[in-house]
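Structure, as structure tokens:
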Amino acid sequence: MTTAFPLLSLPDKALVLVAGCMKYTEIVLFSLASNKTKEVVKSLNLSVKHVSVTIKDIIRILFDTDDDSPSSMVWSFYPREDNAGHEPIPVYMPACVSVASVRDIVTQQNLMKYQNPGRSIREWVDHAQYIFSIDKIGCLSFKNETCQFDWISLKNVFGKIDISTLVFNELCSLECAQLAVRHFSSARCVTAFCSSFNDPSGYRNILIQNFDALVLGYEDMSLKIGLDDLLLMNSKEISIQSETLTDKMINQFLKHWIKGSNPRMEKAHFNFVNNQIVTKETILKGLHYQGMLLDDVNVNGQNTEVYYIFRRDGTAGMISIERDDQENVVHFSIF
């Protein structure tokens with residue numbers, strides 16, 4: 001008969017060797033055992049490339065989900081029964097927590113829930129920041145029609161970390177998105193892939209903000225973008241996919257840019273849908289341009305045409321038109 005080995009009584013160097021042989025999901029649990037194990041894990045200098053948070057019925061923190069790497073994992077926080085009730089509710093003290101690889105989440109296998117060792121979600125976030133040297137959250141995503149959590153409470157948990165992008169998708173309502181933009185005002189980018197953003201007249205206050213990037217439109221949306229909406233946008237980079245985009249609208253947009261509109265813009269991407277015909281003649285009509293036609297098909301099977309136009313102050317803008325069997329995309333880059 002064997003007895004449990006007293007792991008925590010090992011010397012620090014031995015603990016480092018043991019921890020170095022663990023999976024990331026095991027390392028997380030190991031780091032929670034004591035201050036000593038936390039410092040051991042910290043000494044491994046582990047890092048994660050991308051961290052994101054999803055706010056739905058429960059709160060999840062996702063690490064390196066786009067990479068098939070050892071650090072790819074998901075932390076899920078399950079509320080206690082007494083957290084149920086009238087909304088909004090505070091960000092809760094989890095009853096239990098699961099730490100699983102992304103593969104296990106997808107296959108719904110090997111999922112294990114652990115009793116929460118008395119830590120609030122804020123403390124879990126602090127712990128992740130410490131052991132993995134996290135300095136920012138790549139994206140904070142909202143997926144439900146309404147956010148059941150108290151906004152001040154959410155901000156207290158995640159607002160102290162640099163948040164790159166707010167993402168609104170699935171059932172997220174415009175009201176929920178507006179509240180997120182208000183409470184997480186330091187976020188530098190906004191991405192909207194939900195039907196509540198189909199009508200830009202409801203969120204022109206978002207269009208005019210000084211974001212680094214604004215991404216609107218997805219294949220499941222019916223975004224009704226207009227020229228006035230494009231001219232309101234004040235982000236450095238905009239990416240639009242809309243059934244109402246036309247080559248004539250882009251032509252008008254470029255003429256306004258030459259006269260001085262959209263002064264902060266550095267890049268724009270216009271994705272045309274429903275096999276809409278896009279012609280260079282319409283896009284360039286009335287513009288003074290210098291052209292360079294790239295007849296060769298690139299590695300993606302796309303033909304690319306490149307043209308240069310100039311603003312009144314001499315600033316150069318490059319128009320590139322990409323075509324393939326599935327879509328037409330117009331890119332505009334400012335130099």
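Residues are referred to by chain and number: the chain letter is A, B, ... according to the order shown in the structure tokens, the number counts from 1 in that chain, and ligands are numbered separately from 1 in the order shown.
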
Among segment 140-292 of chain A, which ones does DSSP place in alpha helix (DSSP H), written as an NGL selection string? :A and (151-158 or 174-183 or 204-207 or 227-232 or 247-259 or 280-283)

Resulting file, chosen residues, N, CA and C atoms, as a compact mmCIF listing (two decimals), in the first residue's frame:
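The file below, part22.txt, is the result:
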# COMPACT_ATOMS: atom_id res chain seq x y z
N TRP A 151 -23.02 46.52 -14.13
CA TRP A 151 -21.94 47.08 -14.94
C TRP A 151 -20.79 47.62 -14.09
N ILE A 152 -21.10 48.24 -12.98
CA ILE A 152 -20.05 48.75 -12.10
C ILE A 152 -19.21 47.59 -11.57
N SER A 153 -19.90 46.50 -11.25
CA SER A 153 -19.21 45.31 -10.76
C SER A 153 -18.30 44.72 -11.84
N LEU A 154 -18.81 44.66 -13.08
CA LEU A 154 -18.00 44.17 -14.19
C LEU A 154 -16.76 45.04 -14.39
N LYS A 155 -16.97 46.34 -14.34
CA LYS A 155 -15.86 47.27 -14.54
C LYS A 155 -14.81 47.11 -13.44
N ASN A 156 -15.25 46.86 -12.23
CA ASN A 156 -14.31 46.66 -11.13
C ASN A 156 -13.45 45.42 -11.33
N VAL A 157 -14.01 44.42 -12.01
CA VAL A 157 -13.27 43.18 -12.25
C VAL A 157 -12.32 43.32 -13.44
N PHE A 158 -12.83 43.83 -14.56
CA PHE A 158 -12.04 43.82 -15.80
C PHE A 158 -11.56 45.20 -16.25
N LEU A 174 -28.39 46.29 -28.85
CA LEU A 174 -27.72 47.58 -28.99
C LEU A 174 -27.60 48.26 -27.63
N GLU A 175 -28.62 48.11 -26.79
CA GLU A 175 -28.57 48.71 -25.45
C GLU A 175 -27.41 48.15 -24.64
N CYS A 176 -27.23 46.83 -24.71
CA CYS A 176 -26.12 46.20 -23.99
C CYS A 176 -24.78 46.72 -24.53
N ALA A 177 -24.68 46.83 -25.86
CA ALA A 177 -23.44 47.31 -26.47
C ALA A 177 -23.14 48.75 -26.07
N GLN A 178 -24.17 49.58 -26.07
CA GLN A 178 -23.97 50.98 -25.68
C GLN A 178 -23.46 51.09 -24.24
N LEU A 179 -24.00 50.27 -23.36
CA LEU A 179 -23.56 50.29 -21.97
C LEU A 179 -22.12 49.82 -21.84
N ALA A 180 -21.76 48.81 -22.64
CA ALA A 180 -20.38 48.31 -22.61
C ALA A 180 -19.40 49.38 -23.08
N VAL A 181 -19.75 50.07 -24.15
CA VAL A 181 -18.89 51.15 -24.67
C VAL A 181 -18.74 52.25 -23.63
N ARG A 182 -19.82 52.53 -22.91
CA ARG A 182 -19.79 53.59 -21.90
C ARG A 182 -18.91 53.21 -20.71
N HIS A 183 -19.05 51.97 -20.25
CA HIS A 183 -18.34 51.57 -19.03
C HIS A 183 -16.91 51.14 -19.30
N ARG A 204 -24.88 56.12 -33.93
CA ARG A 204 -23.95 57.08 -34.55
C ARG A 204 -22.96 57.66 -33.53
N ASN A 205 -23.35 57.62 -32.25
CA ASN A 205 -22.40 58.04 -31.21
C ASN A 205 -21.19 57.12 -31.15
N ILE A 206 -21.36 55.87 -31.59
CA ILE A 206 -20.23 54.94 -31.66
C ILE A 206 -19.41 55.20 -32.92
N LEU A 207 -20.08 55.51 -34.02
CA LEU A 207 -19.37 55.76 -35.28
C LEU A 207 -18.37 56.91 -35.15
N LEU A 227 -23.62 56.33 -47.11
CA LEU A 227 -22.48 57.23 -47.25
C LEU A 227 -22.32 58.13 -46.03
N ASP A 228 -23.42 58.66 -45.51
CA ASP A 228 -23.34 59.53 -44.34
C ASP A 228 -22.73 58.80 -43.14
N ASP A 229 -23.04 57.50 -43.02
CA ASP A 229 -22.47 56.72 -41.93
C ASP A 229 -20.96 56.58 -42.09
N LEU A 230 -20.51 56.32 -43.31
CA LEU A 230 -19.07 56.21 -43.56
C LEU A 230 -18.35 57.51 -43.24
N LEU A 231 -18.96 58.62 -43.60
CA LEU A 231 -18.32 59.92 -43.38
C LEU A 231 -18.26 60.30 -41.91
N LEU A 232 -19.14 59.71 -41.10
CA LEU A 232 -19.12 59.98 -39.66
C LEU A 232 -18.00 59.23 -38.94
N ASP A 247 -20.23 50.31 -55.43
CA ASP A 247 -19.02 50.95 -55.94
C ASP A 247 -19.22 52.45 -56.10
N LYS A 248 -20.45 52.88 -56.39
CA LYS A 248 -20.74 54.31 -56.49
C LYS A 248 -20.56 54.99 -55.13
N MET A 249 -20.99 54.32 -54.05
CA MET A 249 -20.82 54.89 -52.71
C MET A 249 -19.35 55.05 -52.37
N ILE A 250 -18.54 54.06 -52.73
CA ILE A 250 -17.10 54.14 -52.46
C ILE A 250 -16.48 55.29 -53.25
N ASN A 251 -16.93 55.48 -54.49
CA ASN A 251 -16.45 56.60 -55.30
C ASN A 251 -16.75 57.93 -54.62
N GLN A 252 -17.97 58.08 -54.12
CA GLN A 252 -18.34 59.31 -53.42
C GLN A 252 -17.54 59.49 -52.14
N PHE A 253 -17.33 58.38 -51.43
CA PHE A 253 -16.54 58.42 -50.19
C PHE A 253 -15.12 58.90 -50.47
N LEU A 254 -14.51 58.40 -51.53
CA LEU A 254 -13.14 58.79 -51.87
C LEU A 254 -13.07 60.27 -52.27
N LYS A 255 -14.08 60.75 -52.95
CA LYS A 255 -14.11 62.17 -53.31
C LYS A 255 -14.19 63.05 -52.06
N HIS A 256 -14.96 62.61 -51.07
CA HIS A 256 -15.03 63.36 -49.81
C HIS A 256 -13.69 63.31 -49.08
N TRP A 257 -13.03 62.14 -49.15
CA TRP A 257 -11.72 62.02 -48.49
C TRP A 257 -10.72 63.00 -49.10
N ILE A 258 -10.72 63.13 -50.41
CA ILE A 258 -9.82 64.06 -51.09
C ILE A 258 -10.03 65.48 -50.57
N LYS A 259 -11.27 65.81 -50.25
CA LYS A 259 -11.60 67.17 -49.78
C LYS A 259 -11.32 67.35 -48.28
N LYS A 280 -13.95 49.05 -61.58
CA LYS A 280 -12.97 50.11 -61.32
C LYS A 280 -13.42 51.42 -61.96
N GLU A 281 -14.15 51.33 -63.09
CA GLU A 281 -14.61 52.54 -63.77
C GLU A 281 -15.51 53.37 -62.86
N THR A 282 -16.40 52.70 -62.12
CA THR A 282 -17.30 53.42 -61.22
C THR A 282 -16.55 53.95 -60.00
N ILE A 283 -15.68 53.12 -59.43
CA ILE A 283 -14.93 53.54 -58.24
C ILE A 283 -14.03 54.73 -58.53

Could you pull out the strand (DSSP E or B) residues of segment 19-160 of chain A from DSSP and send them as number ranges by chain? A: 51-55, 59-63, 73-78, 89, 96-101, 113-115, 136-142, 149

If we count only C-alpha atoms, what is near segment 307-313 of chain A at a cut-off of 12 Å, once residues fewer than 2 positions away on the same chain are taken out, given as a PyMOL selection string? chain A and resi 251+254-263+280-281+283-294+304-305+315-322+330-335

Next, dump the selected residues to file, keeping only N, CA and C atoms, as a short mmCIF file (atom, residue, chain, number, x, y, z; two decimals), in the first residue's frame.
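Full text of part_5.cif as output:
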data_model
loop_
_atom_site.label_atom_id
_atom_site.label_comp_id
_atom_site.auth_asym_id
_atom_site.auth_seq_id
_atom_site.Cartn_x
_atom_site.Cartn_y
_atom_site.Cartn_z
N ASN A 251 -16.93 55.48 -54.49
CA ASN A 251 -16.45 56.60 -55.30
C ASN A 251 -16.75 57.93 -54.62
N LEU A 254 -14.51 58.40 -51.53
CA LEU A 254 -13.14 58.79 -51.87
C LEU A 254 -13.07 60.27 -52.27
N LYS A 255 -14.08 60.75 -52.95
CA LYS A 255 -14.11 62.17 -53.31
C LYS A 255 -14.19 63.05 -52.06
N HIS A 256 -14.96 62.61 -51.07
CA HIS A 256 -15.03 63.36 -49.81
C HIS A 256 -13.69 63.31 -49.08
N TRP A 257 -13.03 62.14 -49.15
CA TRP A 257 -11.72 62.02 -48.49
C TRP A 257 -10.72 63.00 -49.10
N ILE A 258 -10.72 63.13 -50.41
CA ILE A 258 -9.82 64.06 -51.09
C ILE A 258 -10.03 65.48 -50.57
N LYS A 259 -11.27 65.81 -50.25
CA LYS A 259 -11.60 67.17 -49.78
C LYS A 259 -11.32 67.35 -48.28
N GLY A 260 -11.03 66.23 -47.56
CA GLY A 260 -10.66 66.39 -46.16
C GLY A 260 -11.47 65.59 -45.16
N SER A 261 -12.40 64.75 -45.59
CA SER A 261 -13.20 63.98 -44.63
C SER A 261 -12.36 62.87 -44.01
N ASN A 262 -12.88 62.31 -42.93
CA ASN A 262 -12.25 61.18 -42.23
C ASN A 262 -10.75 61.41 -41.99
N PRO A 263 -10.40 62.49 -41.28
CA PRO A 263 -8.99 62.87 -41.14
C PRO A 263 -8.14 61.87 -40.37
N LYS A 280 -13.95 49.05 -61.58
CA LYS A 280 -12.97 50.11 -61.32
C LYS A 280 -13.42 51.42 -61.96
N GLU A 281 -14.15 51.33 -63.09
CA GLU A 281 -14.61 52.54 -63.77
C GLU A 281 -15.51 53.37 -62.86
N ILE A 283 -15.68 53.12 -59.43
CA ILE A 283 -14.93 53.54 -58.24
C ILE A 283 -14.03 54.73 -58.53
N LEU A 284 -13.44 54.77 -59.71
CA LEU A 284 -12.46 55.81 -60.04
C LEU A 284 -13.06 56.97 -60.82
N LYS A 285 -14.34 56.94 -61.08
CA LYS A 285 -14.97 57.98 -61.90
C LYS A 285 -14.75 59.37 -61.30
N GLY A 286 -14.21 60.27 -62.11
CA GLY A 286 -14.00 61.65 -61.67
C GLY A 286 -12.80 61.86 -60.77
N LEU A 287 -12.00 60.81 -60.54
CA LEU A 287 -10.82 60.92 -59.68
C LEU A 287 -9.56 61.04 -60.53
N HIS A 288 -8.63 61.85 -60.09
CA HIS A 288 -7.31 61.90 -60.72
C HIS A 288 -6.45 60.83 -60.03
N TYR A 289 -6.03 59.85 -60.77
CA TYR A 289 -5.34 58.72 -60.15
C TYR A 289 -4.16 58.27 -61.00
N GLN A 290 -3.30 57.52 -60.36
CA GLN A 290 -2.21 56.84 -61.04
C GLN A 290 -2.42 55.35 -60.83
N GLY A 291 -2.42 54.61 -61.90
CA GLY A 291 -2.78 53.20 -61.80
C GLY A 291 -1.62 52.26 -61.99
N MET A 292 -1.75 51.09 -61.36
CA MET A 292 -0.79 50.01 -61.54
C MET A 292 -1.60 48.72 -61.49
N LEU A 293 -1.75 48.06 -62.61
CA LEU A 293 -2.57 46.86 -62.70
C LEU A 293 -1.69 45.63 -62.50
N LEU A 294 -2.02 44.85 -61.51
CA LEU A 294 -1.31 43.60 -61.26
C LEU A 294 -2.12 42.47 -61.88
N THR A 304 -5.65 41.51 -58.44
CA THR A 304 -5.57 42.76 -57.69
C THR A 304 -5.22 43.92 -58.60
N GLU A 305 -5.99 44.99 -58.49
CA GLU A 305 -5.72 46.22 -59.22
C GLU A 305 -5.41 47.31 -58.19
N THR A 315 -1.35 64.19 -49.28
CA THR A 315 -1.39 62.85 -48.71
C THR A 315 -1.82 61.84 -49.76
N ALA A 316 -1.09 60.72 -49.84
CA ALA A 316 -1.39 59.69 -50.84
C ALA A 316 -2.29 58.61 -50.25
N GLY A 317 -3.20 58.13 -51.07
CA GLY A 317 -4.05 57.02 -50.70
C GLY A 317 -3.99 55.94 -51.77
N MET A 318 -3.86 54.70 -51.36
CA MET A 318 -3.77 53.59 -52.31
C MET A 318 -5.07 52.79 -52.30
N ILE A 319 -5.68 52.66 -53.46
CA ILE A 319 -6.89 51.86 -53.63
C ILE A 319 -6.49 50.53 -54.25
N SER A 320 -6.86 49.44 -53.62
CA SER A 320 -6.63 48.12 -54.22
C SER A 320 -7.95 47.39 -54.30
N ILE A 321 -8.20 46.80 -55.46
CA ILE A 321 -9.45 46.08 -55.71
C ILE A 321 -9.12 44.61 -55.89
N GLU A 322 -9.64 43.78 -54.99
CA GLU A 322 -9.39 42.34 -55.05
C GLU A 322 -10.65 41.64 -55.52
N VAL A 330 -12.64 46.07 -51.64
CA VAL A 330 -11.87 47.28 -51.93
C VAL A 330 -11.14 47.70 -50.66
N HIS A 331 -9.82 47.83 -50.77
CA HIS A 331 -9.00 48.29 -49.65
C HIS A 331 -8.50 49.70 -49.96
N PHE A 332 -8.43 50.51 -48.92
CA PHE A 332 -7.93 51.88 -49.08
C PHE A 332 -6.95 52.15 -47.96
N SER A 333 -5.70 52.47 -48.31
CA SER A 333 -4.65 52.72 -47.33
C SER A 333 -4.07 54.10 -47.54
N ILE A 334 -3.85 54.82 -46.45
CA ILE A 334 -3.33 56.18 -46.51
C ILE A 334 -1.87 56.17 -46.09
N PHE A 335 -1.05 56.93 -46.82
CA PHE A 335 0.38 56.99 -46.53
C PHE A 335 0.77 58.37 -46.01
#

Between atom CA of Cys194 of chain A and atom CA of Cys172 of chain A, what is the distance in Å, rounded to a tenth? 6.5 Å

Polymer residues at most 10 Å from Tyr130 of chain A, only C-alpha atoms, same-chain spacing of 5 or more positions, as an NGL selection string: :A and (38-39 or 41-42 or 124-125 or 135)
